[in-house]
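Trainee: Would you mind keeping the following structure in view while I ask a few things?
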Amino acid sequence: MKVLMFGWEFPPHITGGLGTACFGLTKGLAKHGVEVIFIVPKSFGDESQDGFRLINASDIELDFTQTMTEEFREKISYMEVGSNLIPYLDPEEFEKWYSEEITGKKPKTHSVFDRKYQFSGKYGANLMEEVSRYALVALSVAKKFDYDVIHAHDWLTYAAGIAAKKISGKPLVVHVHATEFDRSGENVNQVVYDIERNGMEEADRVITVSNFTRQIVIERYGIPSEKVFTVHNAVEPVDKPEMDDVTKHVREKIVTFLGRVTYQKGPDYFVEAAHKVLKRDPNVRFVMAGSGDLLNRMIRRVAQLKMGTRFHFTGFLAGAEVDKMFAMSDVYVMPSVSEPFGISPLEAMRTNVPVVISKQSGVAEVLQHALKVDFWDIDALADAIYGILHYDGLRKMFARYGKSEVDSLIWENAALKVLEVYNNATGH
Amino acid sequence: MRSVCLYFQVHQPYRLRTYRFFNIGNDHYYYDDYQNRHIIRRVAEKCYLPANRMMLQLINEFGKAFKVSYSISGTALDQFTQYVPEVIQSFRQLAATGCVEFISETEYHSLASLGSEKEFVRQVESHNKRVEELFGQKPQTFRNSELIYSDSIGETIANLGFHTMLTEGAKHILGWKSPNYIYCNNLNPKLRVLLRNFRLSDDVSFRFSEQKWSEWPLTAEKFVGWLNTMDPHEEVVNLFMDYETIGEHQWKETGIFDFFYHLPSALFSKSNFNFATPEELYQRLQPMGALSVPYAISWADEERDLTAWKGNELQTEAFSKLYSLSDAIEKCQDPVILRDWGYLQSSNHFYYMSTKWFSAGEVHKHFNPYGSPYDAFINYMNAVSDFTIRVEAALASSDAVKKEKKPARKTVKKSSAVKPKATRKAIKSASADVKKSVKKDVKVKAVKASKKVVAEPVKAKAGIKAKVVKESKKGQAKAEKPAKPKQAGKTKKVSKPRSAEQN
C-alpha cells in the first residue's frame, strides 16, 4: 500500500497538534509496511511558486530523532511544496500575516495561542488563492508518483486531495481533525464550511478523530454515516524529563486550566466552578494559563467574584513552562465546549495529574481514568474538582492507572485502523 | 428423593441523589426519591407482583408440593412500605401457605460482615425480628449479601443459632467436590452450608434469553432433562438467583414466566426430584463433610471474590471511611442517623465504584446509575462526609451532656460532706440549672446547649473544690484562688460562700 498524503505541517515546523498527529500517523503506518509520500506547503521565499522539493526522511531535522525507526526512513518520502499556506489561520488573519510577511514588518513566528479569532464572514482572497495554488502543485506531484490512495488532512488540503483524485482516479480519504463548528461555534465562515463539505463529499472515505466529530460531520455536513470512520488520535510515548526539581512555592493545592482562552475552550466555566469551590474551601489556588480573546473578560470576572488572591493568570506558556505547570498542578481541567480530540489532558495524565474533562471532547471517548462532566454543568465541574482535592482514593486511582492508560494509546494501533479504511476504500 | 431448592433474593437499595460538595453540612437528605420510587414501582409491576401471583397459583395447584424460599432485604421492605405496600401483602399471602421459607439476611444488604462484626450481628438480629413480625416465621436460614461467605462469617452465623447458610458453589473452594450435596461449616459443624449450582442457576438467570446460546430457547422440559442426567447420588440442586430475573432482568416476552410456570409439572412428571426449602433439607439430609473457606467468597463475576465491592482504591477508601464511624454510631440514638447509617451501607454503593466493567462485565454496567465509578465515588463520599459531620455533632452533644452530669453530681456529693450549708445551696441551685438546661436543649440545639452547659458547671465547681476542675486550665487557675479563703475560712466563715459567688 502506497499513500499520497497532503498535510500542512510536519516536524520540525510545528505550530499545533496537527503536525504531531501526522508525524505519529505516518510512523505508525510505516510499521504496518505502508509507504507514504508526505507533502506539505512551505514558504521558500525566493523559490518558484510551482516548485517542490523532495526531502529524504533522514534529512528531516527532528528534535526527537531517537524515535525515528529504520522503517520510517525507508517508507516515508517527505516533500515540501512552495506555498505560503499557513495552518490555523482564518482568511483574514492570513491576509494580515501575508502583508506583514511581505513587508517584513514582523518576525516570522506564528503561534496559534496568541491569535484572536474574529470571524465576520468576509472573504480572505489570499488564503483561498494559496489553497488553489497548493492544489495546482499537488496536481504536478500527483502525476509524477505512483500510489494507491490519497489522504488529505483538514480543509486547507482538501482541494489538493480532490485534484489528485481527479487526475489519478485513486480513492480519496479526508481526515477531519477539526471542523468549522469547533473553531468558531455557530459563527461559521461559509467559505471554509463549503470547502470542508465539498472535500467530505468528494472523498471516498472520511476519517474523524472522534465520534464526537463524526457526529458533527454526519449531522452538520450531511455526509452519509457509512463512509465516515472514527480513528481516535494517539500520542507519542515520549519520556518527559523528570520534574522532581519543580517546587511549589505555595502550600495550597493547584487547579489548572491550560489552553487558549477562547470560546471553544470554555474558560468561563472554569472561573465559575472555581468560585464554587473557593466558597467552600479557600485553601485552593486556580491557575489559568494561556491567552486569547476572552482573557480580559475572565480577569474582570475573577475580580468581580473577589477571588483575585486565589485565582491567577500566567499568560501564554510554552515548552518547559508547560511541563512545569503540569508538575505543579494537582488537578487539570479541560472544560472545552467543543473539542474534536484534545491532547492536553493526556499530557497532564502523563505527569500523573488527575484530569477533569468535558464530555464534549473526543478524548473523553478514549479515557476511562478521568472525570467527565458536561461543559455547561458548573456544579458537576466544581464537584469533580472538589472530589479530587479531598478524597484520596481518586488521586491514588489516577496515579495508578492514568499514565498507563495514556501510554496504551499508541499510533501503531490508530494506524492499523487507518489502514483498514484504506483497504476498504481501495477494495482490497 | 432428590430435591430442587429454589431460592430468590429480593433487594432494592436506596439510590443516592446527586449530592454535591456544597450540600455537605447544609442538606442531610441523600436519596433519589424519584428514581427509587420509579424503579421499585416498575419492578413491582413487572416482577414482584406477577411472579408472586404465579407462585401462589403453583402452590395452590400442586397441593403444597411446590416449595420456594425468599430473602427480602430491609431496604426493599422499606421501599415497599413507602411506595408499593401491596407487594408486602402478596408476600404475606405466600407466607400463609406454609410452602414458603423466609430467609434472613443483613437488614441493609450490607457488607457489614467484612467491616464490623458487631454491626453485622446487629443487622442480622434486627432483620430476623422484622421477618418474624411480617411473615410469622423465625428465620432458620441465613444468606449474606452477595452470598458472601467464609469460615468465620459462618461461625458468627452459627453462634446466632441459624441452622443453615447459603453461599456460592465456587469452583476454587469446591475443587473436585460437587455443589449438589450439603456441607457444614469448617469451624462450627452445626451450621449447614448450601451451595449455589451456578451453572444451572445462571442458565436461567443470565443465559435464558441469550439467542446466541447453543441451548436457546430453554424450556422447563429441557431443564428437567438436564437434572435427570445428574449423578443419581447427588442430593440437591440449589437454584439461587435474583427474584428480578423473572420479568425484570429477563422480560416477560422472553418466556421466563412460562418457564417457571411449567417447571413444577415437568419436574413432577418427568423426574424423581421434588422441591424443598433450606430448612427442610436441614431436617432431612446429613452433611457430606466440612467445607474450608478461609477467604471470603461471593457469587459475583468469574472470580467469585470480593473485588466487585472492595477491589480498587475508591472502594477501599469509601469502605474504611464509612466503617470508621462504627464505634461512634454505637453511641448514637438518633433514629434518622441510624437509618442513614444503614442505607449508606448497601453493597450497591460500592458496586457502582467498581472499575471492573472497564475491561468486561456488561452486567456491572447494567445495574449502574452512574456514568463512571469515579462519579459514583465522589457522590458517595460527599454524602458520607456530611453524614460524618452529623455523627460527630451528635456525639459531641451527647458527650457534653455526660461530662456535665457526672462532675456536677460528684461535686454535690463531696462538698455536701464537708461544706457548710450556704455552699451546698449554691451548688444545688447551680447543678439544678445544669440539669434543666440539659433537658431542655439536648435534643434541639445539641451543640449550642453543650457550650452553655460546659460554661455553668465550671463556675459551680471551681468555687468549691480545686480537684474536680482539673479539666480546664482556666478552671484550675480559678480554683487556686478559692483555696486560700478555704483555709482562712476556719476563722472567717463568711468567706466561703463569697468565694463561690466570686467564681
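Ordered as shown in the C-alpha cells, chains take letters A, B, and onward, while each chain numbers its residues from 1 and ligands are numbered from 1 in the order shown.
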Hey, what's within 8 Å of Thr167 of chain B if we count only C-alpha atoms and toss same-chain stuff fewer than 5 positions away? As a compact mmCIF listing (two decimals) with N, CA and C atoms, in the first residue's frame, please?

Mentor:
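Output contents, as saved in around.txt:
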# COMPACT_ATOMS: atom_id res chain seq x y z
N ARG B 143 -28.72 -15.88 54.55
CA ARG B 143 -27.92 -15.63 53.35
C ARG B 143 -27.29 -14.26 53.53
N ASN B 144 -25.98 -14.21 53.33
CA ASN B 144 -25.31 -12.92 53.46
C ASN B 144 -25.43 -12.16 52.13
N LEU B 147 -24.15 -13.36 48.70
CA LEU B 147 -23.74 -14.71 49.10
C LEU B 147 -22.31 -14.76 49.64
N ILE B 148 -21.88 -13.66 50.23
CA ILE B 148 -20.52 -13.62 50.80
C ILE B 148 -20.44 -14.59 51.98
N TYR B 149 -19.40 -15.38 51.96
CA TYR B 149 -19.25 -16.42 52.98
C TYR B 149 -17.78 -16.71 53.22
N VAL B 193 -24.15 -25.76 55.15
CA VAL B 193 -23.87 -24.80 54.09
C VAL B 193 -24.47 -25.34 52.79
N LEU B 194 -25.32 -24.54 52.18
CA LEU B 194 -25.90 -24.91 50.88
C LEU B 194 -25.20 -24.12 49.78
N LEU B 195 -24.82 -24.83 48.72
CA LEU B 195 -24.04 -24.18 47.67
C LEU B 195 -24.86 -24.00 46.39
N ARG B 196 -24.77 -22.80 45.86
CA ARG B 196 -25.49 -22.49 44.63
C ARG B 196 -24.88 -23.27 43.47
N SER B 298 -17.94 -14.91 47.07
CA SER B 298 -19.25 -14.31 46.79
C SER B 298 -19.77 -14.94 45.50
N TRP B 299 -20.93 -14.45 45.05
CA TRP B 299 -21.47 -15.01 43.80
C TRP B 299 -21.15 -14.15 42.59

Trainee: List every residue of chain B that has an atom at most 12 Å from any atom of chain A, and for each one report the closest atom pair and its distance in Å to one decimal, counting only C-alpha atoms, with rows sorted by chain and then by increasing residue number, as a Markdown table.

Mentor:
| residue | atom | partner | partner_atom | distance |
| --- | --- | --- | --- | --- |
| B:Thr18 | CA | A:Ala380 | CA | 9.2 |
| B:Tyr19 | CA | A:Asp383 | CA | 9.0 |
| B:Arg20 | CA | A:Asp383 | CA | 5.9 |
| B:Phe21 | CA | A:Asp383 | CA | 5.9 |
| B:Phe22 | CA | A:Arg280 | CA | 6.8 |
| B:Asn23 | CA | A:Arg280 | CA | 10.1 |
| B:Ile24 | CA | A:Arg280 | CA | 9.5 |
| B:Gly25 | CA | A:Arg280 | CA | 10.5 |
| B:Asn26 | CA | A:Arg280 | CA | 11.6 |
| B:Gly311 | CA | A:Met397 | CA | 11.4 |
| B:Asn312 | CA | A:Met397 | CA | 7.7 |
| B:Glu313 | CA | A:Gly393 | CA | 5.2 |
| B:Leu314 | CA | A:Gly393 | CA | 4.7 |
| B:Gln315 | CA | A:Gly393 | CA | 8.0 |
| B:Thr316 | CA | A:Gly393 | CA | 7.8 |
| B:Glu317 | CA | A:Gly393 | CA | 5.8 |
| B:Ala318 | CA | A:Gly393 | CA | 8.1 |
| B:Phe319 | CA | A:Gly393 | CA | 10.9 |
| B:Ser320 | CA | A:Gly393 | CA | 11.0 |
| B:Lys321 | CA | A:Tyr391 | CA | 10.3 |
| B:Met353 | CA | A:Leu394 | CA | 11.0 |
| B:Ser354 | CA | A:Met397 | CA | 11.6 |
| B:Thr355 | CA | A:Gln368 | CA | 9.1 |
| B:Lys356 | CA | A:Gln368 | CA | 11.4 |
| B:Trp357 | CA | A:Gln368 | CA | 10.6 |
| B:Phe358 | CA | A:Gln368 | CA | 7.4 |
| B:Ser359 | CA | A:Gln368 | CA | 10.3 |
| B:Tyr370 | CA | A:Lys372 | CA | 11.5 |
| B:Gly371 | CA | A:Lys372 | CA | 8.6 |
| B:Ser372 | CA | A:Leu371 | CA | 8.0 |
| B:Pro373 | CA | A:His369 | CA | 9.4 |
| B:Tyr374 | CA | A:Leu371 | CA | 6.5 |
| B:Asp375 | CA | A:Leu371 | CA | 7.2 |
| B:Ala376 | CA | A:Leu371 | CA | 10.7 |
| B:Phe377 | CA | A:Leu394 | CA | 8.3 |
| B:Ile378 | CA | A:Gly387 | CA | 5.6 |
| B:Asn379 | CA | A:Asp383 | CA | 8.5 |
| B:Tyr380 | CA | A:Gly387 | CA | 10.3 |
| B:Met381 | CA | A:Tyr391 | CA | 7.5 |
| B:Asn382 | CA | A:Gly387 | CA | 8.0 |
| B:Ala383 | CA | A:Gly387 | CA | 11.7 |
| B:Val384 | CA | A:Tyr391 | CA | 11.2 |
| B:Ser385 | CA | A:Tyr391 | CA | 10.0 |

Trainee: Export, as a CSV table (one decimal), in the first residue's frame, the selected residues with N, CA and C atoms.

Mentor:
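That gives us result-v4.csv:
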chain,number,residue,atom,x,y,z
B,18,THR,N,-28.0,13.1,43.3
B,18,THR,CA,-26.8,13.8,43.0
B,18,THR,C,-26.5,14.7,44.2
B,19,TYR,N,-25.5,14.4,45.0
B,19,TYR,CA,-25.2,15.1,46.2
B,19,TYR,C,-23.9,15.8,46.1
B,20,ARG,N,-23.9,17.2,45.9
B,20,ARG,CA,-22.7,17.9,45.6
B,20,ARG,C,-22.0,18.3,46.9
B,21,PHE,N,-20.7,18.7,46.7
B,21,PHE,CA,-19.9,19.0,48.0
B,21,PHE,C,-20.5,20.2,48.7
B,22,PHE,N,-21.2,21.1,47.9
B,22,PHE,CA,-21.7,22.3,48.7
B,22,PHE,C,-23.0,22.0,49.4
B,23,ASN,N,-23.5,20.7,49.3
B,23,ASN,CA,-24.6,20.3,50.1
B,23,ASN,C,-24.0,19.8,51.5
B,24,ILE,N,-22.7,19.5,51.5
B,24,ILE,CA,-22.2,19.0,52.8
B,24,ILE,C,-22.4,20.0,53.9
B,25,GLY,N,-23.0,19.5,55.0
B,25,GLY,CA,-23.2,20.4,56.1
B,25,GLY,C,-24.5,21.2,56.0
B,26,ASN,N,-25.1,21.3,54.9
B,26,ASN,CA,-26.3,22.1,54.7
B,26,ASN,C,-27.6,21.2,54.5
B,311,GLY,N,-12.5,-3.9,45.5
B,311,GLY,CA,-11.4,-4.2,44.5
B,311,GLY,C,-10.4,-3.1,44.2
B,312,ASN,N,-10.9,-1.8,44.4
B,312,ASN,CA,-10.0,-0.8,44.0
B,312,ASN,C,-9.8,0.3,45.1
B,313,GLU,N,-9.0,1.3,44.9
B,313,GLU,CA,-8.7,2.3,45.9
B,313,GLU,C,-9.9,3.1,46.3
B,314,LEU,N,-10.8,3.3,45.3
B,314,LEU,CA,-12.0,4.1,45.6
B,314,LEU,C,-12.9,3.3,46.6
B,315,GLN,N,-13.1,2.1,46.3
B,315,GLN,CA,-13.9,1.2,47.2
B,315,GLN,C,-13.3,1.1,48.6
B,316,THR,N,-12.0,0.9,48.6
B,316,THR,CA,-11.3,0.7,49.9
B,316,THR,C,-11.5,2.0,50.7
B,317,GLU,N,-11.3,3.1,50.1
B,317,GLU,CA,-11.4,4.4,50.9
B,317,GLU,C,-12.8,4.6,51.4
B,318,ALA,N,-13.8,4.4,50.5
B,318,ALA,CA,-15.2,4.6,50.9
B,318,ALA,C,-15.5,3.7,52.0
B,319,PHE,N,-15.1,2.4,51.9
B,319,PHE,CA,-15.5,1.4,52.8
B,319,PHE,C,-14.9,1.7,54.2
B,320,SER,N,-13.6,2.1,54.2
B,320,SER,CA,-13.0,2.3,55.5
B,320,SER,C,-13.5,3.6,56.1
B,321,LYS,N,-13.8,4.6,55.3
B,321,LYS,CA,-14.3,5.9,55.8
B,321,LYS,C,-15.7,5.6,56.5
B,353,MET,N,-18.9,1.7,42.3
B,353,MET,CA,-17.5,2.2,42.2
B,353,MET,C,-16.5,1.3,41.5
B,354,SER,N,-17.0,0.1,41.1
B,354,SER,CA,-16.2,-0.9,40.6
B,354,SER,C,-15.6,-0.5,39.2
B,355,THR,N,-14.3,-0.7,39.0
B,355,THR,CA,-13.7,-0.4,37.7
B,355,THR,C,-13.6,-1.6,36.9
B,356,LYS,N,-14.2,-2.7,37.4
B,356,LYS,CA,-14.1,-4.0,36.7
B,356,LYS,C,-14.8,-3.9,35.3
B,357,TRP,N,-15.8,-3.2,35.2
B,357,TRP,CA,-16.5,-3.2,33.9
B,357,TRP,C,-15.8,-2.5,32.9
B,358,PHE,N,-14.7,-1.8,33.2
B,358,PHE,CA,-13.9,-1.2,32.2
B,358,PHE,C,-13.4,-2.2,31.2
B,359,SER,N,-13.0,-3.4,31.8
B,359,SER,CA,-12.5,-4.4,30.9
B,359,SER,C,-13.6,-5.3,30.3
B,370,TYR,N,-24.7,5.4,37.6
B,370,TYR,CA,-23.7,6.4,37.4
B,370,TYR,C,-22.9,6.2,36.0
B,371,GLY,N,-22.5,7.3,35.5
B,371,GLY,CA,-21.7,7.3,34.2
B,371,GLY,C,-20.4,6.6,34.4
B,372,SER,N,-19.8,6.8,35.6
B,372,SER,CA,-18.5,6.2,35.8
B,372,SER,C,-18.3,5.9,37.3
B,373,PRO,N,-17.4,5.0,37.6
B,373,PRO,CA,-17.2,4.7,39.0
B,373,PRO,C,-16.6,5.9,39.8
B,374,TYR,N,-16.0,6.8,39.0
B,374,TYR,CA,-15.4,8.0,39.7
B,374,TYR,C,-16.6,8.9,40.1
B,375,ASP,N,-17.6,9.0,39.3
B,375,ASP,CA,-18.7,9.8,39.7
B,375,ASP,C,-19.4,9.2,40.9
B,376,ALA,N,-19.5,7.9,40.9
B,376,ALA,CA,-20.2,7.2,42.0
B,376,ALA,C,-19.4,7.4,43.3
B,377,PHE,N,-18.1,7.4,43.2
B,377,PHE,CA,-17.3,7.6,44.4
B,377,PHE,C,-17.4,9.0,44.9
B,378,ILE,N,-17.3,10.0,44.1
B,378,ILE,CA,-17.4,11.4,44.5
B,378,ILE,C,-18.7,11.6,45.2
B,379,ASN,N,-19.8,11.2,44.6
B,379,ASN,CA,-21.1,11.4,45.1
B,379,ASN,C,-21.3,10.7,46.5
B,380,TYR,N,-20.8,9.5,46.6
B,380,TYR,CA,-20.9,8.8,47.8
B,380,TYR,C,-20.1,9.4,48.9
B,381,MET,N,-18.9,9.8,48.6
B,381,MET,CA,-18.0,10.4,49.6
B,381,MET,C,-18.6,11.8,50.1
B,382,ASN,N,-19.2,12.5,49.2
B,382,ASN,CA,-19.9,13.8,49.6
B,382,ASN,C,-20.9,13.5,50.7
B,383,ALA,N,-21.7,12.5,50.4
B,383,ALA,CA,-22.8,12.1,51.3
B,383,ALA,C,-22.2,11.6,52.6
B,384,VAL,N,-21.2,10.8,52.5
B,384,VAL,CA,-20.6,10.2,53.8
B,384,VAL,C,-19.9,11.4,54.5
B,385,SER,N,-19.3,12.3,53.8
B,385,SER,CA,-18.7,13.5,54.5
B,385,SER,C,-19.8,14.2,55.4

Trainee: Pick out the residues sitting within 9 Å of segment 70-82 of chain B, and hand them over as a count of residues only; count only C-alpha atoms, and ignore anything fewer than 2 positions along from it in its own chain.

Mentor: 40

Trainee: Work out how far atom CA of Leu306 of chain B is from atom CA of Leu389 of chain A, in Å to one decimal.

Mentor: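 Going from atom CA of Leu389 of chain A over to atom CA of Leu306 of chain B covers 27.9 Å.
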
Trainee: Between atom CA of Glu253 of chain B and atom CA of Phe208 of chain B, measure the distance and give it in Å to one decimal.

Mentor: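 Pair atom CA of Glu253 of chain B / atom CA of Phe208 of chain B returns 11.5 Å.
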
Trainee: Give me the residues near Val237 of chain B as a list in words, where near means some atom within 7 Å (using only C-alpha atoms) and where sequence neighbours in that chain fewer than 6 positions away do not count.

Mentor: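 The contact residues come out as Ser3, Val4, Cys5, Asn180 and Asn197 of chain B.
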
Trainee: One decimal, Å: what's the distance from atom CA of Leu278 of chain A over to atom CA of Val255 of chain A, could you say?

Mentor: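 Distance between the two atoms: 11.3 Å.
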
Trainee: Find the residue from B:Phe240, B:Ser324, B:Leu94, B:Leu187 that sits nearest to Leu56 of chain B; use only C-alpha atoms when measuring.

Mentor: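 With only C-alpha atoms as the atom set, the closest residue is B:Leu94.
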
Trainee: Using only C-alpha atoms, which protein or nucleic acid residues come within 12 Å of Ser408 of chain A? Drop anything in the same chain fewer than 4 positions from it, and give the result as a PDB file with C-alpha atoms, in the first residue's frame.

Mentor:
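This is the output file selection_23.pdb:
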ATOM      1  CA  ASN A 233      -5.742  10.120  17.853  1.00  0.00           C
ATOM      2  CA  ALA A 234      -2.897   8.597  19.765  1.00  0.00           C
ATOM      3  CA  VAL A 235       0.126  10.044  21.492  1.00  0.00           C
ATOM      4  CA  GLU A 236       3.842   9.550  21.137  1.00  0.00           C
ATOM      5  CA  PRO A 237       5.209   7.739  24.169  1.00  0.00           C
ATOM      6  CA  LEU A 346      -3.163  13.204  28.043  1.00  0.00           C
ATOM      7  CA  ARG A 350       1.493  11.517  31.803  1.00  0.00           C
ATOM      8  CA  VAL A 366     -10.955   7.039  24.893  1.00  0.00           C
ATOM      9  CA  LEU A 367     -10.218   7.865  28.531  1.00  0.00           C
ATOM     10  CA  TYR A 401      -3.939   3.797  36.079  1.00  0.00           C
ATOM     11  CA  GLY A 402      -3.787   7.183  34.357  1.00  0.00           C
ATOM     12  CA  LYS A 403      -0.285   7.107  32.942  1.00  0.00           C
ATOM     13  CA  SER A 404      -0.512   3.552  31.715  1.00  0.00           C
ATOM     14  CA  GLU A 412       0.563   1.880  15.757  1.00  0.00           C
ATOM     15  CA  ASN A 413      -2.986   0.885  16.698  1.00  0.00           C
ATOM     16  CA  ALA A 414      -4.523   4.018  15.239  1.00  0.00           C
TER      17      ALA A 414
END

Trainee: Report as a PyMOL selection string all protein, DNA and RNA residues lying within 10 Å of Leu227 of chain B, evaluated on only C-alpha atoms, omitting residues in the same chain fewer than 5 positions from it.

Mentor: chain B and resi 4+200+221-222+232+237+267+271-273

Trainee: As a PyMOL selection string, please: all residues of segment 192-362 of chain A that backbone DSSP puts in strand (DSSP E or B).

Mentor: chain A and resi 205-208+228-230+253-258+284-289+311-315+331-334+339+355-358+361

Trainee: Identify which of the residues B:Asp340, B:Glu155, B:Asp242, B:Glu132 lies closest to Pro189 of chain B, counting only C-alpha atoms when measuring atom-to-atom distances.

Mentor: B:Glu155

Trainee: In segment 132-299 of chain A, what's alpha helix (DSSP H) per DSSP? Answer as a PyMOL selection string?

Mentor: chain A and resi 132-144+158-168+180-184+190-202+211-220+267-280+295-299

Trainee: Considering only C-alpha atoms, can you say which of B:Gln123, B:Phe62, B:Leu16, B:Asn159 comes closest to Ser269 of chain B?

Mentor: B:Phe62

Trainee: Which residues are close to Leu285 of chain B, i.e. within 9 Å by only C-alpha atoms, leaving aside same-chain residues fewer than 2 positions away? Reply as an MDAnalysis selection string.

Mentor: chainID B and resid 181:182 235 280:283 287

Trainee: Restricting the calculation to only C-alpha atoms: of A:Trp155, A:Met307, A:Ser225, A:Val284, which residue gets closest to Asn198 of chain A?

Mentor: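 Looking at the shortest contact to Asn198 of chain A, the residue is A:Trp155.
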